[in-house]
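First the structure, in the form of structure tokens, and then the observations on it.
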Amino acid sequence: MDKLLIRGGRQLAGTVTISGAKNAALPELCAALLTDEPVTLQNVPRLQDVSTMLKLIQNMGATAERCSDVPSSVILNAGPLSSPEAPYELVKTMRASVLALGPLLARFGQARVSLPGGCAIGSRPVDQHIKGMQAMGAQIVVEHGYMIATVPSTGAGRGRLKGCHITTDMVTVTGTENFLMAATLAEGETILENAAEEPEIFDLAEMLIKMGSKIEGHGSRRIRIEGVERLHGCTHQVVADRIEAGTFLCAVAAAGGDVVLQHGRAEHLDAVIEKLREAGAVITAGQGFIRVEASGRLKAQSFRTTEYPGFPTDMQAQFMALNAISLGASTVTETIFENRFMHVNEMVRLGAKIQVDGKIAVIEGVEKLSGAVVMATDLRASASLVIAGLVAEGETLVDRIYHLDRGYDQMETKLRAIGADIERLKA
Ligand SMILES: CC(=O)N[C@H]1[C@@H](OP(=O)(O)OP(=O)(O)OC[C@H]2O[C@@H](n3ccc(=O)[nH]c3=O)[C@H](O)[C@@H]2O)O[C@H](CO)[C@@H](O)[C@@H]1O
Ligand SMILES: C=C(OP(=O)(O)O)C(=O)O
């Protein structure tokens, strides 16, 4: 297993180019299953999760390859599929595989998708996905760890989903994406109430519209979709990764320096940027860039995670690393996932003072952290330990960075380019 070795204490300066968003690229790769025409996705980040999704799609009999001359572009062609199935071996490493369910059911009237199982940050059930597809007319049984779904056919050919009203019990990001994709080819109108408003959903809807879908209201809590008979191919550019950008903002705020994030979309990071400004970082932004300047210890900030446009749970750990070395005490409340404080014990090993009581972590900022060996437990926990390592005195070794590689595009290369002393130790 690869590890990251960080020698802390360097300020960061220069320019970082933000990649396409993992959480937009994954549903958009699945959206290519909705058509038998070629789809080109541009600005696809180089991540383990993307490689897994490409394998999943290839495994169904579709072609899905990176362009040899433009490696950030992927061309997909999902003509007739040999098996509309997402097997456990691939699903177990990436929860987003559940996003195959909606497109497969909509286009082929059948799907066999492994249940994703639990995950380090919480139990993450998919009951809402199942209920929503059933409301659209799918019959779903869960057997041997698989969701086996079919749409009964009323005549010759595939069964077609039927538009309906779906109101989910909670706001669910991939749930909204699954229903959105399924509804594009359903018969009649679908209304999604309590829909997620994340920029990645807006981006997916824009791609689906390019493919011929009729969608209104994306980016709001109520989305209306008028189903069409078929969709066609398109070319679409994946939106910039707001969580990658937010991670670099926290890294600079913690380590100090002056960095420009090219392609960063400040309008997608309002809640995080507001907190960083209150902490004392100077943040300026314009069309396609965000600049962050920081020096000395910032002021600790309390926050609670909520759905977009609130403070993202995917930024909680990274901001906590900043709070750990800021002036004063803060509380961080995690409301989305029940077990997303696993970075705390590792930060404590670096000298942070943090106590957890249920959903709330209380952090007392310390003047300095000291390097140690720490273990990454999940994707954003890994990023938070990298940030802590950048400010800790001496050497920090972050183990199990395969979690980091799931969702960050060459993080250590980007950090090295702005002055961090960080290297990957190959297994
Ligand atoms: C690939 C992707 O885009 N992943 C993101 C997505 O995950 P994901 O879409 O899995 O997260 P959800 O928005 O669905 O989860 C929100 C909450 O609803 C619960 N829930 C969800 C569905 C369901 O059927 N039943 C249920 O109980 C979850 O356990 C969680 O407590 O949104 C999360 C919340 O912003 C982010 O942290 C993830 O990075
Ligand atoms: C939790 C995350 O991703 P996933 O839903 O793919 O596990 C994340 O991106 O922080």
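Chain labels A, B, ... are given in the sequence in which chains occur in the structure tokens; within each chain residues are numbered consecutively from 1, and ligands are likewise numbered from 1 in the order shown.
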*Write out as a PyMOL selection string each polymer residue (protein, DNA or RNA) that has an atom no more than 9 Å from ligand 1, with only C-alpha atoms and all ligand atoms counted.*
chain A and resi 22-27+94-99+121-131+168-177+196+198+200-201+243+306-308+312-315+335-338
*Please, which residues of stretch 161-407 of chain A, numbered as in this document, come out alpha helix (DSSP H) from DSSP, as number ranges by chain?*
A: 173-184, 199-210, 242-255, 270-279, 316-324, 343-349, 379-391, 402-407
Could you write those residues out with C-alpha atoms, as an mmCIF file, in the first residue's frame?
data_model
loop_
_atom_site.group_PDB
_atom_site.id
_atom_site.type_symbol
_atom_site.label_atom_id
_atom_site.label_comp_id
_atom_site.auth_asym_id
_atom_site.auth_seq_id
_atom_site.Cartn_x
_atom_site.Cartn_y
_atom_site.Cartn_z
ATOM 1 C CA VAL A 173 -27.641 13.143 -3.698
ATOM 2 C CA THR A 174 -27.205 9.861 -5.568
ATOM 3 C CA GLY A 175 -30.907 9.103 -4.999
ATOM 4 C CA THR A 176 -31.851 12.311 -6.821
ATOM 5 C CA GLU A 177 -29.368 11.441 -9.594
ATOM 6 C CA ASN A 178 -30.772 7.926 -10.016
ATOM 7 C CA PHE A 179 -34.364 9.205 -10.257
ATOM 8 C CA LEU A 180 -33.345 11.992 -12.611
ATOM 9 C CA MET A 181 -31.680 9.558 -15.008
ATOM 10 C CA ALA A 182 -34.494 7.001 -14.744
ATOM 11 C CA ALA A 183 -37.181 9.635 -15.380
ATOM 12 C CA THR A 184 -35.599 10.886 -18.614
ATOM 13 C CA PRO A 199 -23.929 21.614 -8.295
ATOM 14 C CA GLU A 200 -23.087 18.073 -9.454
ATOM 15 C CA ILE A 201 -26.814 17.405 -9.911
ATOM 16 C CA PHE A 202 -27.211 20.603 -11.895
ATOM 17 C CA ASP A 203 -24.273 19.523 -14.079
ATOM 18 C CA LEU A 204 -25.727 16.042 -14.631
ATOM 19 C CA ALA A 205 -29.088 17.553 -15.607
ATOM 20 C CA GLU A 206 -27.363 19.887 -18.093
ATOM 21 C CA MET A 207 -25.680 16.863 -19.668
ATOM 22 C CA LEU A 208 -28.997 14.976 -19.837
ATOM 23 C CA ILE A 209 -30.613 18.010 -21.513
ATOM 24 C CA LYS A 210 -27.835 17.936 -24.148
ATOM 25 C CA ARG A 242 -15.647 22.067 -5.439
ATOM 26 C CA ILE A 243 -14.434 19.629 -2.766
ATOM 27 C CA GLU A 244 -10.941 19.436 -4.258
ATOM 28 C CA ALA A 245 -10.925 23.252 -4.400
ATOM 29 C CA GLY A 246 -12.158 23.486 -0.807
ATOM 30 C CA THR A 247 -9.462 21.057 0.306
ATOM 31 C CA PHE A 248 -6.723 23.253 -1.217
ATOM 32 C CA LEU A 249 -8.299 26.352 0.345
ATOM 33 C CA CYS A 250 -8.074 24.719 3.787
ATOM 34 C CA ALA A 251 -4.518 23.530 3.103
ATOM 35 C CA VAL A 252 -3.354 27.080 2.309
ATOM 36 C CA ALA A 253 -5.329 28.548 5.225
ATOM 37 C CA ALA A 254 -3.582 26.085 7.542
ATOM 38 C CA ALA A 255 -0.044 26.195 6.109
ATOM 39 C CA ASP A 270 -20.082 29.838 -0.417
ATOM 40 C CA ALA A 271 -20.460 28.176 2.991
ATOM 41 C CA VAL A 272 -16.786 27.136 3.174
ATOM 42 C CA ILE A 273 -15.437 30.435 1.850
ATOM 43 C CA GLU A 274 -17.537 32.419 4.321
ATOM 44 C CA LYS A 275 -16.038 30.436 7.215
ATOM 45 C CA LEU A 276 -12.519 30.826 5.835
ATOM 46 C CA ARG A 277 -12.990 34.594 5.558
ATOM 47 C CA GLU A 278 -14.314 34.757 9.142
ATOM 48 C CA ALA A 279 -11.232 32.786 10.147
ATOM 49 C CA GLN A 316 -15.817 18.631 7.420
ATOM 50 C CA ALA A 317 -12.572 16.750 8.086
ATOM 51 C CA GLN A 318 -10.364 19.176 6.143
ATOM 52 C CA PHE A 319 -11.794 22.220 7.959
ATOM 53 C CA MET A 320 -11.372 20.414 11.268
ATOM 54 C CA ALA A 321 -7.641 20.063 10.521
ATOM 55 C CA LEU A 322 -7.529 23.853 10.151
ATOM 56 C CA ASN A 323 -9.501 24.377 13.381
ATOM 57 C CA ALA A 324 -7.081 22.057 15.180
ATOM 58 C CA HIS A 343 -9.923 11.334 11.469
ATOM 59 C CA VAL A 344 -10.195 12.680 15.023
ATOM 60 C CA ASN A 345 -8.155 9.946 16.715
ATOM 61 C CA GLU A 346 -5.455 10.258 14.058
ATOM 62 C CA MET A 347 -5.337 14.064 14.484
ATOM 63 C CA VAL A 348 -5.036 13.540 18.227
ATOM 64 C CA ARG A 349 -1.955 11.391 17.513
ATOM 65 C CA LEU A 379 -11.400 9.668 1.504
ATOM 66 C CA ARG A 380 -11.809 13.060 3.205
ATOM 67 C CA ALA A 381 -10.192 11.830 6.433
ATOM 68 C CA SER A 382 -7.091 11.162 4.310
ATOM 69 C CA ALA A 383 -7.161 14.715 2.955
ATOM 70 C CA SER A 384 -7.485 16.136 6.460
ATOM 71 C CA LEU A 385 -4.430 14.180 7.609
ATOM 72 C CA VAL A 386 -2.451 15.523 4.655
ATOM 73 C CA ILE A 387 -3.411 19.071 5.699
ATOM 74 C CA ALA A 388 -2.425 18.329 9.301
ATOM 75 C CA GLY A 389 0.870 16.887 8.034
ATOM 76 C CA LEU A 390 1.605 20.077 6.068
ATOM 77 C CA VAL A 391 1.623 22.100 9.309
ATOM 78 C CA TYR A 402 -5.754 4.244 -1.410
ATOM 79 C CA HIS A 403 -8.698 6.077 0.152
ATOM 80 C CA LEU A 404 -7.209 9.386 -1.027
ATOM 81 C CA ASP A 405 -6.590 7.988 -4.516
ATOM 82 C CA ARG A 406 -10.315 7.173 -4.823
ATOM 83 C CA GLY A 407 -11.158 10.845 -5.039
#
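Comparing the minimum interatomic distances between ligand 2 and each of A:Val74, A:Val91, A:Ala31, A:Leu269, counting only C-alpha atoms and all ligand atoms, we find that A:Val91 sits nearest.
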_Counting only C-alpha atoms, the residue of A:Pro87, A:Gly365, A:Gly137, A:Gly9 that sits nearest A:Ser114_ = A:Pro87
_One number please: atom CA of A:Ile290 to atom CA of A:Gly264, in Å, one decimal._
5.5 Å
*Find the residues near A:Asp357: any atom within 12 Å, counting only C-alpha atoms, skip ones fewer than 2 places away on the same chain, and give them as a ChimeraX atom specification.*
/A:331-334,338-339,341,344,354-355,359-363
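Counting only C-alpha atoms, A:Arg230 has the following residues at most 9 Å away, ignoring those fewer than 2 positions along the same chain: Leu34, Thr35, Arg107, Thr184, Leu185, Gly212, Ser213, Gly227, Val228 and His232 of chain A.
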Write the residues you've just listed into a file as a PDB file, in the first residue's frame, and include N, CA and C atoms for each of them.
ATOM      1  N   LEU A  34     -27.664   5.567 -20.998  1.00  0.00           N
ATOM      2  CA  LEU A  34     -29.043   5.878 -21.411  1.00  0.00           C
ATOM      3  C   LEU A  34     -29.208   5.947 -22.933  1.00  0.00           C
ATOM      4  N   THR A  35     -28.092   5.868 -23.659  1.00  0.00           N
ATOM      5  CA  THR A  35     -28.187   6.005 -25.118  1.00  0.00           C
ATOM      6  C   THR A  35     -27.298   4.979 -25.818  1.00  0.00           C
ATOM      7  N   ARG A 107     -33.481   2.235 -19.625  1.00  0.00           N
ATOM      8  CA  ARG A 107     -33.244   1.908 -21.044  1.00  0.00           C
ATOM      9  C   ARG A 107     -33.535   0.442 -21.366  1.00  0.00           C
ATOM     10  N   THR A 184     -35.784  10.314 -17.268  1.00  0.00           N
ATOM     11  CA  THR A 184     -35.599  10.886 -18.614  1.00  0.00           C
ATOM     12  C   THR A 184     -36.233  10.015 -19.691  1.00  0.00           C
ATOM     13  N   LEU A 185     -36.238   8.678 -19.471  1.00  0.00           N
ATOM     14  CA  LEU A 185     -36.799   7.770 -20.486  1.00  0.00           C
ATOM     15  C   LEU A 185     -38.129   7.167 -20.044  1.00  0.00           C
ATOM     16  N   GLY A 212     -31.017  15.279 -24.960  1.00  0.00           N
ATOM     17  CA  GLY A 212     -32.411  15.311 -25.435  1.00  0.00           C
ATOM     18  C   GLY A 212     -33.447  15.206 -24.332  1.00  0.00           C
ATOM     19  N   SER A 213     -33.020  15.225 -23.065  1.00  0.00           N
ATOM     20  CA  SER A 213     -33.987  15.133 -21.955  1.00  0.00           C
ATOM     21  C   SER A 213     -34.723  16.444 -21.768  1.00  0.00           C
ATOM     22  N   GLY A 227     -40.597  12.583 -19.605  1.00  0.00           N
ATOM     23  CA  GLY A 227     -39.875  11.486 -20.246  1.00  0.00           C
ATOM     24  C   GLY A 227     -39.935  11.557 -21.765  1.00  0.00           C
ATOM     25  N   VAL A 228     -38.864  11.091 -22.427  1.00  0.00           N
ATOM     26  CA  VAL A 228     -38.843  11.036 -23.898  1.00  0.00           C
ATOM     27  C   VAL A 228     -38.596   9.575 -24.312  1.00  0.00           C
ATOM     28  N   HIS A 232     -29.997  10.849 -27.218  1.00  0.00           N
ATOM     29  CA  HIS A 232     -28.885  10.722 -28.165  1.00  0.00           C
ATOM     30  C   HIS A 232     -27.554  11.050 -27.500  1.00  0.00           C
TER      31      HIS A 232
END
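One distance worth recording is that between atom CA of A:Val259 and atom CA of A:Arg10, which is 13.2 Å.
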